[in-house]
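Right, one structure below, let's go through it.
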Amino acid sequence: MNVDIGGGTSKIAVCSAGEVVAMTAIDVGARIVSFDAQGKVVRLEEAGRRFATEVGFDLEIGTVLPEAQRVAMVEAMAGRLFEAMTKATLSPETAALLRLEPLRNDVAPACITFSGGVSEYVYGAQASAFGDLGPLLAQAILRRVEALGIPVERPEQGIRATVVGASQYTIQVSGATIFVAPMETLPLRNLPVIAPDLPLDDEELDRAAIAAAIKTALRRLDLHDGERAVALCYRWAGSATFRRLDDFCLAVIDGLGAVTGHGHPVILVGEGDIGGLVGIHLREESKLANAVVSIDGIQLKEFDFIDIGAMLETSGAVPVVIKSLVFPTSTALGRANAPLNAPSDTSSLGNIGAKAVV
C-alpha cells in the first residue's frame, strides 16, 4: 500500500504483483490549514473547518490556532486517514471526506510506503516547518503505523513522486484482425485505458463477474460516470466459440453501460488475434448500436492513454500511440541511472507501462 499525503488530499493505492488493484482519495492534507509565525490562520480549506468542528472549536481566517488545537486536529485527521486505509466499512464522517469510492480491504498489506510532502517528515528527511500541519500529521501517522504492526518501506521518490514522472510516447501497430464501424469513428485521441483482471479462463464465462470487474476498474480510475470514452484492455484466454464470445460481449456491454449511455463508442484492445471476431459479434449478434472499435495485437496497462489513428489502407491495421508515465529508479540524469551492461531500452527503468516501439 502506498499513501501519498499532500497539501489538500491523501491518495491511497493498493498494489499486487505490480498492478494497482484499488485506490481511493480522502480530504486529509497538511495544508488544509496554514498559519503565520504567530499562529494566525491565513488559509483554511473546508476540510480544515470540518476537522476543527469535529474536535470542538470553530476556525476561521485570522483565528489564532494554538498548539494544543493543532494536535487535536491532526489526531482526528490521522484517525480518518487510517480508517480509510484499513476498514472495509467506514463511518459516515470518514465516508464524507472521500473523493473516490472506498477501498475494498480484504487483505492487509505486506508493507506500507509513503510519498508526497508529508512523507519527508515521516522518513525524517525534513525537519523545518512551513506554516502548516505537516510535522504534526507525520507524527500522528507514525504512531498509528507502529500500532498496526505493518512494515514501513521507503520508496525511491517521496515529495517529488507526482512530478518526476515523464510522459513516454511510443507507437505500436495493431494486428490486421480488427473491426471498426463506422470507419469515421477514427481517429480517437487521449483515451484512458482500463485493464481489469477479467475471468476469461473458464470454458463457461461468468457474465456478471466480467461486468463487475469492468465497473470496478472504471470506479478505480474515477471514470464510472461515463462522461468520456475509455479503452478496455483484455487478455483473451481459451477458445472463441459462439457461446463464449456472446457471454463476453454481453458482459462488456453491461460493464460499459455508463459509457455507452453517453453515446461513446465501445473501444476494446486485446492482446490476441481476436479483435475482429469480438467487434463483429458486438455489432451483428449483440446488436450494439454504439460505434465499435475492436483492435488487437497491442499491450497496454492501466494509467496508459492511447491515440488510435485511422486505418492504414495497405495493411488494414491502425497505428496506436501509447502515452505512459515513466519513473526512473534514481534521480540521476538520463542513462546514468541504468546499471552496467543494461540494455539500451526502457526495460532498465522503473516505470508504469513503458512500451517497446513496434
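Within each chain, counting starts at residue 1; across the C-alpha cells, chains are named A, B, ... in the order shown, with ligands numbered 1 upward in that order.
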Region 60-256 of chain A: residues DSSP assigns to strand (DSSP E or B), reported as an MDAnalysis selection string: chainID A and resid 64 98 112:115 152:153 166:173 179:181 188:194 231:234
Any chance you can output those residues with N, CA and C atoms as a CSV table (one decimal), in the first residue's frame?
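File result-v8.csv, as written:
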```
chain,number,residue,atom,x,y,z
A,64,VAL,N,-6.3,32.6,15.8
A,64,VAL,CA,-5.0,32.0,16.3
A,64,VAL,C,-5.3,30.6,16.6
A,98,LEU,N,-14.2,11.3,1.5
A,98,LEU,CA,-13.6,10.5,0.4
A,98,LEU,C,-13.9,11.3,-0.9
A,112,ILE,N,3.8,-0.8,3.9
A,112,ILE,CA,3.2,0.5,3.6
A,112,ILE,C,4.4,1.4,3.2
A,113,THR,N,4.2,2.2,2.1
A,113,THR,CA,5.1,3.2,1.8
A,113,THR,C,4.4,4.6,1.7
A,114,PHE,N,5.1,5.6,1.9
A,114,PHE,CA,4.5,7.0,1.9
A,114,PHE,C,5.2,7.8,0.9
A,115,SER,N,4.5,8.7,0.3
A,115,SER,CA,5.0,9.7,-0.7
A,115,SER,C,4.3,11.0,-0.4
A,152,VAL,N,7.1,-0.6,7.3
A,152,VAL,CA,7.1,0.6,6.5
A,152,VAL,C,8.3,0.6,5.7
A,153,GLU,N,8.2,0.7,4.3
A,153,GLU,CA,9.3,0.7,3.4
A,153,GLU,C,9.4,2.1,2.9
A,166,ALA,N,7.9,11.1,-16.3
A,166,ALA,CA,8.0,11.7,-17.6
A,166,ALA,C,7.1,10.9,-18.5
A,167,SER,N,6.4,11.7,-19.4
A,167,SER,CA,5.4,11.0,-20.3
A,167,SER,C,6.2,10.5,-21.5
A,168,GLN,N,6.1,9.1,-21.7
A,168,GLN,CA,6.8,8.5,-22.8
A,168,GLN,C,5.8,8.2,-23.9
A,169,TYR,N,6.1,8.6,-25.1
A,169,TYR,CA,5.2,8.3,-26.2
A,169,TYR,C,5.9,7.2,-27.0
A,170,THR,N,5.1,6.1,-27.3
A,170,THR,CA,5.6,5.1,-28.2
A,170,THR,C,4.5,4.7,-29.1
A,171,ILE,N,4.9,4.0,-30.2
A,171,ILE,CA,3.9,3.6,-31.2
A,171,ILE,C,3.9,2.1,-31.4
A,172,GLN,N,2.7,1.5,-31.4
A,172,GLN,CA,2.5,0.2,-31.9
A,172,GLN,C,1.5,0.1,-33.0
A,173,VAL,N,1.6,-0.9,-33.8
A,173,VAL,CA,0.7,-1.1,-34.9
A,173,VAL,C,-0.2,-2.3,-34.6
A,179,PHE,N,-11.8,-4.7,-36.1
A,179,PHE,CA,-13.1,-4.3,-36.6
A,179,PHE,C,-13.4,-2.9,-36.1
A,180,VAL,N,-13.8,-2.0,-37.1
A,180,VAL,CA,-14.1,-0.6,-36.8
A,180,VAL,C,-15.4,-0.3,-37.6
A,181,ALA,N,-16.4,0.2,-36.9
A,181,ALA,CA,-17.7,0.5,-37.5
A,181,ALA,C,-18.4,1.6,-36.7
A,188,LEU,N,-9.2,8.5,-32.8
A,188,LEU,CA,-9.6,8.8,-31.4
A,188,LEU,C,-8.3,9.2,-30.6
A,189,ARG,N,-8.5,10.2,-29.7
A,189,ARG,CA,-7.3,10.7,-29.0
A,189,ARG,C,-7.5,10.7,-27.5
A,190,ASN,N,-6.4,10.5,-26.8
A,190,ASN,CA,-6.4,10.7,-25.4
A,190,ASN,C,-7.4,9.8,-24.6
A,191,LEU,N,-7.4,8.5,-25.0
A,191,LEU,CA,-8.3,7.6,-24.4
A,191,LEU,C,-7.7,7.0,-23.1
A,192,PRO,N,-8.3,7.1,-21.9
A,192,PRO,CA,-7.7,6.4,-20.8
A,192,PRO,C,-8.0,4.9,-20.9
A,193,VAL,N,-7.0,4.2,-20.4
A,193,VAL,CA,-7.0,2.7,-20.5
A,193,VAL,C,-7.5,2.1,-19.2
A,194,ILE,N,-8.4,1.2,-19.2
A,194,ILE,CA,-8.7,0.4,-18.1
A,194,ILE,C,-8.3,-1.1,-18.4
A,231,ALA,N,-10.8,3.0,-23.2
A,231,ALA,CA,-10.3,1.8,-23.9
A,231,ALA,C,-10.2,0.7,-22.9
A,232,LEU,N,-10.9,-0.4,-23.2
A,232,LEU,CA,-10.9,-1.6,-22.3
A,232,LEU,C,-9.9,-2.6,-22.9
A,233,CYS,N,-8.8,-2.8,-22.1
A,233,CYS,CA,-7.8,-3.8,-22.4
A,233,CYS,C,-8.1,-5.1,-21.8
A,234,TYR,N,-8.1,-6.2,-22.6
A,234,TYR,CA,-8.4,-7.5,-22.1
A,234,TYR,C,-7.4,-8.5,-22.7
```
Nearby residues (only C-alpha atoms) at most 9 Å from region 297-311 of chain A, same-chain spacing under 5 positions excluded, as a CSV table (one decimal) with N, CA and C atoms, in the first residue's frame:
```csv
chain,number,residue,atom,x,y,z
A,19,GLU,N,0.5,-4.4,-10.1
A,19,GLU,CA,-0.6,-3.8,-10.6
A,19,GLU,C,-1.4,-3.1,-9.5
A,20,VAL,N,-1.9,-1.9,-9.8
A,20,VAL,CA,-2.8,-1.2,-8.8
A,20,VAL,C,-4.1,-1.8,-8.9
A,172,GLN,N,2.7,1.5,-31.4
A,172,GLN,CA,2.5,0.2,-31.9
A,172,GLN,C,1.5,0.1,-33.0
A,173,VAL,N,1.6,-0.9,-33.8
A,173,VAL,CA,0.7,-1.1,-34.9
A,173,VAL,C,-0.2,-2.3,-34.6
A,174,SER,N,-1.5,-2.1,-34.7
A,174,SER,CA,-2.4,-3.2,-34.3
A,174,SER,C,-2.3,-4.4,-35.3
A,175,GLY,N,-2.9,-5.5,-34.9
A,175,GLY,CA,-3.0,-6.6,-35.8
A,175,GLY,C,-4.0,-6.3,-36.9
A,176,ALA,N,-4.0,-7.1,-37.9
A,176,ALA,CA,-4.9,-6.9,-39.1
A,176,ALA,C,-6.3,-7.4,-38.8
A,177,THR,N,-6.5,-8.3,-37.8
A,177,THR,CA,-7.8,-8.9,-37.5
A,177,THR,C,-8.6,-7.9,-36.5
A,180,VAL,N,-13.8,-2.0,-37.1
A,180,VAL,CA,-14.1,-0.6,-36.8
A,180,VAL,C,-15.4,-0.3,-37.6
A,183,MET,N,-16.3,3.5,-39.9
A,183,MET,CA,-14.9,3.9,-40.1
A,183,MET,C,-14.6,5.3,-39.7
A,184,GLU,N,-15.6,6.2,-39.7
A,184,GLU,CA,-15.4,7.6,-39.4
A,184,GLU,C,-15.2,7.8,-37.9
A,185,THR,N,-15.4,6.7,-37.1
A,185,THR,CA,-15.1,6.8,-35.6
A,185,THR,C,-13.7,7.2,-35.4
A,186,LEU,N,-12.8,6.7,-36.2
A,186,LEU,CA,-11.4,7.0,-36.1
A,186,LEU,C,-11.0,8.3,-36.8
A,187,PRO,N,-10.0,9.0,-36.3
A,187,PRO,CA,-9.1,8.7,-35.2
A,187,PRO,C,-9.8,9.1,-33.9
A,188,LEU,N,-9.2,8.5,-32.8
A,188,LEU,CA,-9.6,8.8,-31.4
A,188,LEU,C,-8.3,9.2,-30.6
A,189,ARG,N,-8.5,10.2,-29.7
A,189,ARG,CA,-7.3,10.7,-29.0
A,189,ARG,C,-7.5,10.7,-27.5
A,190,ASN,N,-6.4,10.5,-26.8
A,190,ASN,CA,-6.4,10.7,-25.4
A,190,ASN,C,-7.4,9.8,-24.6
A,191,LEU,N,-7.4,8.5,-25.0
A,191,LEU,CA,-8.3,7.6,-24.4
A,191,LEU,C,-7.7,7.0,-23.1
A,192,PRO,N,-8.3,7.1,-21.9
A,192,PRO,CA,-7.7,6.4,-20.8
A,192,PRO,C,-8.0,4.9,-20.9
A,193,VAL,N,-7.0,4.2,-20.4
A,193,VAL,CA,-7.0,2.7,-20.5
A,193,VAL,C,-7.5,2.1,-19.2
A,194,ILE,N,-8.4,1.2,-19.2
A,194,ILE,CA,-8.7,0.4,-18.1
A,194,ILE,C,-8.3,-1.1,-18.4
A,195,ALA,N,-7.7,-1.7,-17.4
A,195,ALA,CA,-7.2,-3.1,-17.7
A,195,ALA,C,-7.7,-4.0,-16.5
A,196,PRO,N,-9.0,-4.3,-16.4
A,196,PRO,CA,-9.4,-5.1,-15.3
A,196,PRO,C,-8.9,-6.6,-15.5
A,221,LEU,N,-10.5,4.2,-11.4
A,221,LEU,CA,-9.9,5.4,-12.1
A,221,LEU,C,-10.8,6.6,-12.2
A,231,ALA,N,-10.8,3.0,-23.2
A,231,ALA,CA,-10.3,1.8,-23.9
A,231,ALA,C,-10.2,0.7,-22.9
A,233,CYS,N,-8.8,-2.8,-22.1
A,233,CYS,CA,-7.8,-3.8,-22.4
A,233,CYS,C,-8.1,-5.1,-21.8
A,234,TYR,N,-8.1,-6.2,-22.6
A,234,TYR,CA,-8.4,-7.5,-22.1
A,234,TYR,C,-7.4,-8.5,-22.7
A,269,VAL,N,-9.3,-3.3,-26.7
A,269,VAL,CA,-8.0,-3.6,-27.1
A,269,VAL,C,-7.5,-4.9,-26.6
A,270,GLY,N,-7.4,-5.9,-27.4
A,270,GLY,CA,-6.9,-7.2,-27.0
A,270,GLY,C,-5.5,-7.5,-27.3
A,271,GLU,N,-4.9,-8.5,-26.6
A,271,GLU,CA,-3.5,-8.9,-26.9
A,271,GLU,C,-3.5,-10.0,-27.9
A,272,GLY,N,-4.5,-10.8,-28.1
A,272,GLY,CA,-4.5,-11.9,-29.0
A,272,GLY,C,-5.2,-11.5,-30.3
A,273,ASP,N,-5.2,-12.5,-31.3
A,273,ASP,CA,-5.8,-12.2,-32.6
A,273,ASP,C,-7.3,-12.5,-32.6
A,274,ILE,N,-8.0,-11.7,-31.9
A,274,ILE,CA,-9.5,-11.9,-31.8
A,274,ILE,C,-10.3,-10.7,-31.9
A,275,GLY,N,-9.6,-9.5,-32.2
A,275,GLY,CA,-10.3,-8.3,-32.2
A,275,GLY,C,-11.5,-8.2,-33.2
A,316,GLY,N,-4.7,-2.8,-43.4
A,316,GLY,CA,-5.9,-3.0,-42.6
A,316,GLY,C,-5.7,-2.9,-41.1
A,317,ALA,N,-4.5,-2.4,-40.7
A,317,ALA,CA,-4.2,-2.2,-39.3
A,317,ALA,C,-4.4,-0.7,-38.9
A,318,VAL,N,-4.2,-0.4,-37.7
A,318,VAL,CA,-4.3,1.0,-37.2
A,318,VAL,C,-3.1,1.3,-36.4
A,319,PRO,N,-2.5,2.5,-36.5
A,319,PRO,CA,-1.4,2.9,-35.6
A,319,PRO,C,-2.0,3.3,-34.2
A,320,VAL,N,-1.3,3.0,-33.2
A,320,VAL,CA,-1.7,3.3,-31.8
A,320,VAL,C,-0.5,4.0,-31.1
A,321,VAL,N,-0.8,5.2,-30.7
A,321,VAL,CA,0.2,5.9,-29.9
A,321,VAL,C,-0.1,5.7,-28.4
A,322,ILE,N,0.9,5.2,-27.7
A,322,ILE,CA,0.7,4.9,-26.2
A,322,ILE,C,1.5,5.9,-25.4
A,323,LYS,N,0.8,6.6,-24.5
A,323,LYS,CA,1.4,7.6,-23.6
A,323,LYS,C,1.4,7.0,-22.2
A,324,SER,N,2.6,6.8,-21.7
A,324,SER,CA,2.8,6.1,-20.4
A,324,SER,C,3.6,7.1,-19.5
A,325,LEU,N,3.4,6.8,-18.2
A,325,LEU,CA,4.2,7.6,-17.2
A,325,LEU,C,5.3,6.8,-16.7
A,352,ILE,N,5.8,2.7,-15.0
A,352,ILE,CA,4.4,2.3,-15.1
A,352,ILE,C,4.1,2.2,-16.6
A,353,GLY,N,4.1,1.0,-17.2
A,353,GLY,CA,3.7,0.8,-18.5
A,353,GLY,C,4.6,1.3,-19.6
A,355,LYS,N,6.7,1.0,-23.0
A,355,LYS,CA,6.4,0.2,-24.1
A,355,LYS,C,7.6,0.2,-25.1
```
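Note that the spacing between CA of Ala240 (chain A) and CA of Gly18 (chain A) amounts to 28.9 Å.
Checking A:His281, A:Arg243, A:Arg49, A:Arg99 one by one against Arg219 (chain A), counting only C-alpha atoms, you find the shortest gap at A:Arg99.
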Expected answer as a PyMOL selection string: helix (DSSP H, G or I) residues in region 130-321 of chain A: chain A and resi 134-148+183-185+207-220+242-255+257-260+275-285
